[in-house]
Amino acid sequence: DTFDQMLARLDTAFETQRRFVANASHELRTPLAIARTEVDVALVDPDASPAELRAMAERVLEANQRSEHLIEGLLTLARSERQPGTVKPLDLAMAAADALEVAAPEVDRFGLRVSSVLGAAPVSGDRALLERLVANLVENAVRHNLQGGWVEVGSGITGPAHCRRPSPGRRRPRGH
């Protein structure tokens, strides 16, 4: 039974890894295909103007930046699986503010309205993973939005019940 359980856990781990590699490959394929298409189109057009070539270069740069962000996230994830990170305090409000600052050029390009209420949200954990988590949420909200859409980012603490664990024998109030 013990051996069968171990084999089942290994099978689950291998299947999870296969899905992860397939998803990562799919995500990387998109920006690489965009870059290749842009270059191919520019190369077959002998009359491409400097403005058209510049626009193509900007689209290729954007696709490369998307690949870099994805690779950065994958490397962070791989590092976190190899070794447990050091648990450190972090205020998610600061991570959200940083993520919004990084996303500002894309926000402007899409003409998005951004609303943020960033109250203190202290947590403890692996700083790199927590910052990547917040950055991914903001990046996805911007990237998968509509032209002229909106993004709302908020952080804070909703009540003291979230700051501590209930004492043994004491029930948490409903709704917390």
# chains A, B, ... in the order shown; residues from 1 in each chain; ligands from 1
call {"tool": "select_by_dssp", "arguments": {"residues": "segment 52-146 of chain A", "states": "strand (DSSP E or B)", "output": "list in words"}}
result
Val87, Lys88, Pro89, Leu90, Asp91, Arg113, Val114, Ser115, Ser116, Val117, Leu118, Pro122, Val123, Ser124, Gly125 and Asp126 of chain A
call {"tool": "write_last_selection", "arguments": {"atoms": "N, CA, C and O atoms", "output": "short mmCIF file (atom, residue, chain, number, x, y, z; two decimals), in the first residue's frame"}}
result
data_model
loop_
_atom_site.label_atom_id
_atom_site.label_comp_id
_atom_site.auth_asym_id
_atom_site.auth_seq_id
_atom_site.Cartn_x
_atom_site.Cartn_y
_atom_site.Cartn_z
N VAL A 87 10.87 33.52 4.82
CA VAL A 87 9.62 34.19 5.15
C VAL A 87 9.97 35.57 5.69
O VAL A 87 10.70 35.70 6.67
N LYS A 88 9.46 36.59 5.01
CA LYS A 88 9.73 37.98 5.39
C LYS A 88 8.42 38.75 5.34
O LYS A 88 7.53 38.42 4.56
N PRO A 89 8.34 39.82 6.12
CA PRO A 89 7.13 40.64 6.05
C PRO A 89 7.11 41.47 4.77
O PRO A 89 8.15 41.86 4.24
N LEU A 90 5.91 41.69 4.25
CA LEU A 90 5.73 42.49 3.05
C LEU A 90 4.36 43.15 3.13
O LEU A 90 3.40 42.54 3.59
N ASP A 91 4.29 44.38 2.71
CA ASP A 91 3.00 45.06 2.62
C ASP A 91 2.52 44.94 1.18
O ASP A 91 3.16 45.46 0.26
N ARG A 113 -8.83 53.21 -17.39
CA ARG A 113 -9.01 53.98 -16.17
C ARG A 113 -8.59 53.10 -15.00
O ARG A 113 -9.06 51.96 -14.90
N VAL A 114 -7.73 53.62 -14.13
CA VAL A 114 -7.25 52.83 -13.00
C VAL A 114 -7.73 53.48 -11.71
O VAL A 114 -7.58 54.68 -11.51
N SER A 115 -8.32 52.66 -10.88
CA SER A 115 -8.75 53.09 -9.56
C SER A 115 -8.01 52.23 -8.56
O SER A 115 -8.01 50.99 -8.67
N SER A 116 -7.35 52.85 -7.60
CA SER A 116 -6.64 52.06 -6.59
C SER A 116 -6.86 52.64 -5.21
O SER A 116 -6.78 53.85 -5.02
N VAL A 117 -7.19 51.78 -4.29
CA VAL A 117 -7.29 52.12 -2.88
C VAL A 117 -6.37 51.14 -2.18
O VAL A 117 -6.73 49.97 -1.98
N LEU A 118 -5.18 51.61 -1.85
CA LEU A 118 -4.15 50.72 -1.34
C LEU A 118 -3.92 50.97 0.15
O LEU A 118 -3.08 51.76 0.54
N PRO A 122 -0.36 44.00 5.52
CA PRO A 122 0.86 43.27 5.88
C PRO A 122 0.68 41.76 5.83
O PRO A 122 -0.33 41.23 6.28
N VAL A 123 1.64 41.09 5.21
CA VAL A 123 1.67 39.63 5.13
C VAL A 123 3.11 39.17 5.37
O VAL A 123 4.04 39.98 5.32
N SER A 124 3.27 37.89 5.57
CA SER A 124 4.60 37.29 5.66
C SER A 124 4.66 36.14 4.69
O SER A 124 3.69 35.40 4.54
N GLY A 125 5.79 36.02 4.01
CA GLY A 125 5.94 34.93 3.06
C GLY A 125 7.19 35.14 2.22
O GLY A 125 8.03 35.99 2.52
N ASP A 126 7.29 34.38 1.16
CA ASP A 126 8.39 34.51 0.22
C ASP A 126 8.17 35.78 -0.59
O ASP A 126 7.26 35.86 -1.39
#
call {"tool": "closest_residue", "arguments": {"among": "A:Ala42, A:Ala103, A:Leu10, A:Leu130", "to": "Arg143 of chain A", "atoms": "only C-alpha atoms"}}
result
A:Ala103
call {"tool": "select_by_dssp", "arguments": {"residues": "segment 71-154 of chain A", "states": "alpha helix (DSSP H)", "output": "JSON, numbers by chain"}}
result
{"A": [71, 72, 73, 74, 75, 76, 77, 78, 79, 80, 81, 82, 92, 93, 94, 95, 96, 97, 98, 99, 100, 101, 102, 103, 104, 105, 106, 107, 108, 109, 110, 127, 128, 129, 130, 131, 132, 133, 134, 135, 136, 137, 138, 139, 140, 141, 142, 143]}
call {"tool": "write_last_selection", "arguments": {"atoms": "C-alpha atoms", "output": "PDB file, in the first residue's frame"}}
result
ATOM      1  CA  ILE A  71      10.322  33.631 -18.271  1.00  0.00           C
ATOM      2  CA  GLU A  72      10.939  35.708 -15.132  1.00  0.00           C
ATOM      3  CA  GLY A  73       7.775  34.276 -13.610  1.00  0.00           C
ATOM      4  CA  LEU A  74       8.755  30.730 -14.564  1.00  0.00           C
ATOM      5  CA  LEU A  75      12.219  31.165 -13.057  1.00  0.00           C
ATOM      6  CA  THR A  76      10.720  32.547  -9.855  1.00  0.00           C
ATOM      7  CA  LEU A  77       8.404  29.563  -9.675  1.00  0.00           C
ATOM      8  CA  ALA A  78      11.250  27.121 -10.361  1.00  0.00           C
ATOM      9  CA  ARG A  79      13.414  28.712  -7.638  1.00  0.00           C
ATOM     10  CA  SER A  80      10.538  28.567  -5.171  1.00  0.00           C
ATOM     11  CA  GLU A  81      10.047  24.842  -5.817  1.00  0.00           C
ATOM     12  CA  ARG A  82      13.744  24.051  -5.338  1.00  0.00           C
ATOM     13  CA  LEU A  92       0.894  44.044  -0.370  1.00  0.00           C
ATOM     14  CA  ALA A  93      -0.048  47.708  -0.835  1.00  0.00           C
ATOM     15  CA  MET A  94       3.558  48.498  -1.746  1.00  0.00           C
ATOM     16  CA  ALA A  95       3.720  45.511  -4.096  1.00  0.00           C
ATOM     17  CA  ALA A  96       0.489  46.667  -5.773  1.00  0.00           C
ATOM     18  CA  ALA A  97       1.776  50.242  -6.121  1.00  0.00           C
ATOM     19  CA  ASP A  98       4.983  48.927  -7.742  1.00  0.00           C
ATOM     20  CA  ALA A  99       3.001  46.673 -10.102  1.00  0.00           C
ATOM     21  CA  LEU A 100       0.765  49.584 -11.138  1.00  0.00           C
ATOM     22  CA  GLU A 101       3.832  51.730 -11.831  1.00  0.00           C
ATOM     23  CA  VAL A 102       5.354  49.023 -14.044  1.00  0.00           C
ATOM     24  CA  ALA A 103       2.027  48.567 -15.881  1.00  0.00           C
ATOM     25  CA  ALA A 104       1.536  52.331 -16.446  1.00  0.00           C
ATOM     26  CA  PRO A 105       2.777  52.355 -20.086  1.00  0.00           C
ATOM     27  CA  GLU A 106       0.339  49.581 -21.051  1.00  0.00           C
ATOM     28  CA  VAL A 107      -2.456  51.296 -19.097  1.00  0.00           C
ATOM     29  CA  ASP A 108      -1.850  54.468 -21.118  1.00  0.00           C
ATOM     30  CA  ARG A 109      -1.648  52.576 -24.401  1.00  0.00           C
ATOM     31  CA  PHE A 110      -5.012  50.862 -23.800  1.00  0.00           C
ATOM     32  CA  ARG A 127       8.827  38.099  -0.942  1.00  0.00           C
ATOM     33  CA  ALA A 128       9.665  37.265  -4.569  1.00  0.00           C
ATOM     34  CA  LEU A 129       6.631  34.998  -4.932  1.00  0.00           C
ATOM     35  CA  LEU A 130       4.261  37.469  -3.281  1.00  0.00           C
ATOM     36  CA  GLU A 131       5.515  40.349  -5.445  1.00  0.00           C
ATOM     37  CA  ARG A 132       5.211  38.167  -8.571  1.00  0.00           C
ATOM     38  CA  LEU A 133       1.687  37.168  -7.556  1.00  0.00           C
ATOM     39  CA  VAL A 134       0.569  40.790  -7.257  1.00  0.00           C
ATOM     40  CA  ALA A 135       2.386  41.774 -10.465  1.00  0.00           C
ATOM     41  CA  ASN A 136       0.712  38.915 -12.353  1.00  0.00           C
ATOM     42  CA  LEU A 137      -2.728  39.986 -11.154  1.00  0.00           C
ATOM     43  CA  VAL A 138      -2.168  43.587 -12.264  1.00  0.00           C
ATOM     44  CA  GLU A 139      -0.541  42.566 -15.576  1.00  0.00           C
ATOM     45  CA  ASN A 140      -3.437  40.240 -16.384  1.00  0.00           C
ATOM     46  CA  ALA A 141      -6.027  42.884 -15.482  1.00  0.00           C
ATOM     47  CA  VAL A 142      -4.353  45.290 -17.897  1.00  0.00           C
ATOM     48  CA  ARG A 143      -3.400  42.876 -20.688  1.00  0.00           C
TER      49      ARG A 143
END
call {"tool": "atom_distance", "arguments": {"atom1": "atom CA of Gly111 of chain A", "atom2": "atom CA of Gly148 of chain A"}}
result
4.7 Å
call {"tool": "atom_distance", "arguments": {"atom1": "atom CA of Ser67 of chain A", "atom2": "atom CA of Pro31 of chain A"}}
result
6.2 Å
call {"tool": "atom_distance", "arguments": {"atom1": "atom CA of Leu7 of chain A", "atom2": "atom CA of Asn23 of chain A"}}
result
24.2 Å
call {"tool": "residues_around", "arguments": {"residues": "Glu38 of chain A", "least_positions_apart": "3", "cutoff": "12 Å", "atoms": "only C-alpha atoms", "output": "PyMOL selection string"}}
result
chain A and resi 31-35+41-45+52-64
call {"tool": "write_last_selection", "arguments": {"atoms": "N, CA and C atoms", "output": "tab-separated table (two decimals), in the first residue's frame"}}
result
chain	number	residue	atom	x	y	z
A	31	PRO	N	4.04	35.04	-27.91
A	31	PRO	CA	4.87	36.21	-28.23
A	31	PRO	C	5.94	35.92	-29.26
A	32	LEU	N	6.47	34.69	-29.28
A	32	LEU	CA	7.47	34.36	-30.29
A	32	LEU	C	6.86	34.34	-31.69
A	33	ALA	N	5.65	33.83	-31.82
A	33	ALA	CA	4.97	33.82	-33.12
A	33	ALA	C	4.66	35.25	-33.58
A	34	ILE	N	4.28	36.11	-32.66
A	34	ILE	CA	4.01	37.51	-33.01
A	34	ILE	C	5.28	38.16	-33.54
A	35	ALA	N	6.39	37.97	-32.84
A	35	ALA	CA	7.65	38.58	-33.26
A	35	ALA	C	8.08	38.06	-34.63
A	41	VAL	N	6.80	39.76	-42.20
A	41	VAL	CA	6.03	40.73	-42.98
A	41	VAL	C	6.92	41.88	-43.41
A	42	ALA	N	7.76	42.36	-42.50
A	42	ALA	CA	8.64	43.48	-42.84
A	42	ALA	C	9.67	43.08	-43.90
A	43	LEU	N	10.15	41.86	-43.81
A	43	LEU	CA	11.18	41.42	-44.77
A	43	LEU	C	10.64	41.23	-46.19
A	44	VAL	N	9.38	40.88	-46.35
A	44	VAL	CA	8.84	40.66	-47.69
A	44	VAL	C	8.34	41.95	-48.34
A	45	ASP	N	8.30	43.03	-47.58
A	45	ASP	CA	7.83	44.31	-48.12
A	45	ASP	C	9.04	45.20	-48.44
A	52	GLU	N	6.95	52.40	-40.79
A	52	GLU	CA	6.40	51.04	-40.71
A	52	GLU	C	7.40	50.10	-40.04
A	53	LEU	N	8.69	50.26	-40.37
A	53	LEU	CA	9.71	49.43	-39.75
A	53	LEU	C	9.83	49.72	-38.26
A	54	ARG	N	9.71	50.98	-37.89
A	54	ARG	CA	9.76	51.36	-36.47
A	54	ARG	C	8.56	50.76	-35.72
A	55	ALA	N	7.38	50.83	-36.31
A	55	ALA	CA	6.19	50.26	-35.67
A	55	ALA	C	6.36	48.76	-35.50
A	56	MET	N	6.93	48.10	-36.51
A	56	MET	CA	7.18	46.67	-36.42
A	56	MET	C	8.17	46.38	-35.29
A	57	ALA	N	9.22	47.16	-35.21
A	57	ALA	CA	10.23	46.96	-34.16
A	57	ALA	C	9.60	47.13	-32.77
A	58	GLU	N	8.69	48.10	-32.63
A	58	GLU	CA	8.02	48.30	-31.34
A	58	GLU	C	7.14	47.11	-30.97
A	59	ARG	N	6.46	46.51	-31.96
A	59	ARG	CA	5.62	45.34	-31.69
A	59	ARG	C	6.49	44.13	-31.33
A	60	VAL	N	7.63	43.98	-31.99
A	60	VAL	CA	8.55	42.89	-31.67
A	60	VAL	C	9.12	43.09	-30.26
A	61	LEU	N	9.46	44.32	-29.93
A	61	LEU	CA	9.97	44.62	-28.59
A	61	LEU	C	8.92	44.28	-27.53
A	62	GLU	N	7.68	44.65	-27.79
A	62	GLU	CA	6.59	44.34	-26.86
A	62	GLU	C	6.43	42.83	-26.68
A	63	ALA	N	6.50	42.09	-27.76
A	63	ALA	CA	6.38	40.63	-27.68
A	63	ALA	C	7.56	40.04	-26.89
A	64	ASN	N	8.75	40.58	-27.11
A	64	ASN	CA	9.92	40.12	-26.36
A	64	ASN	C	9.79	40.44	-24.88
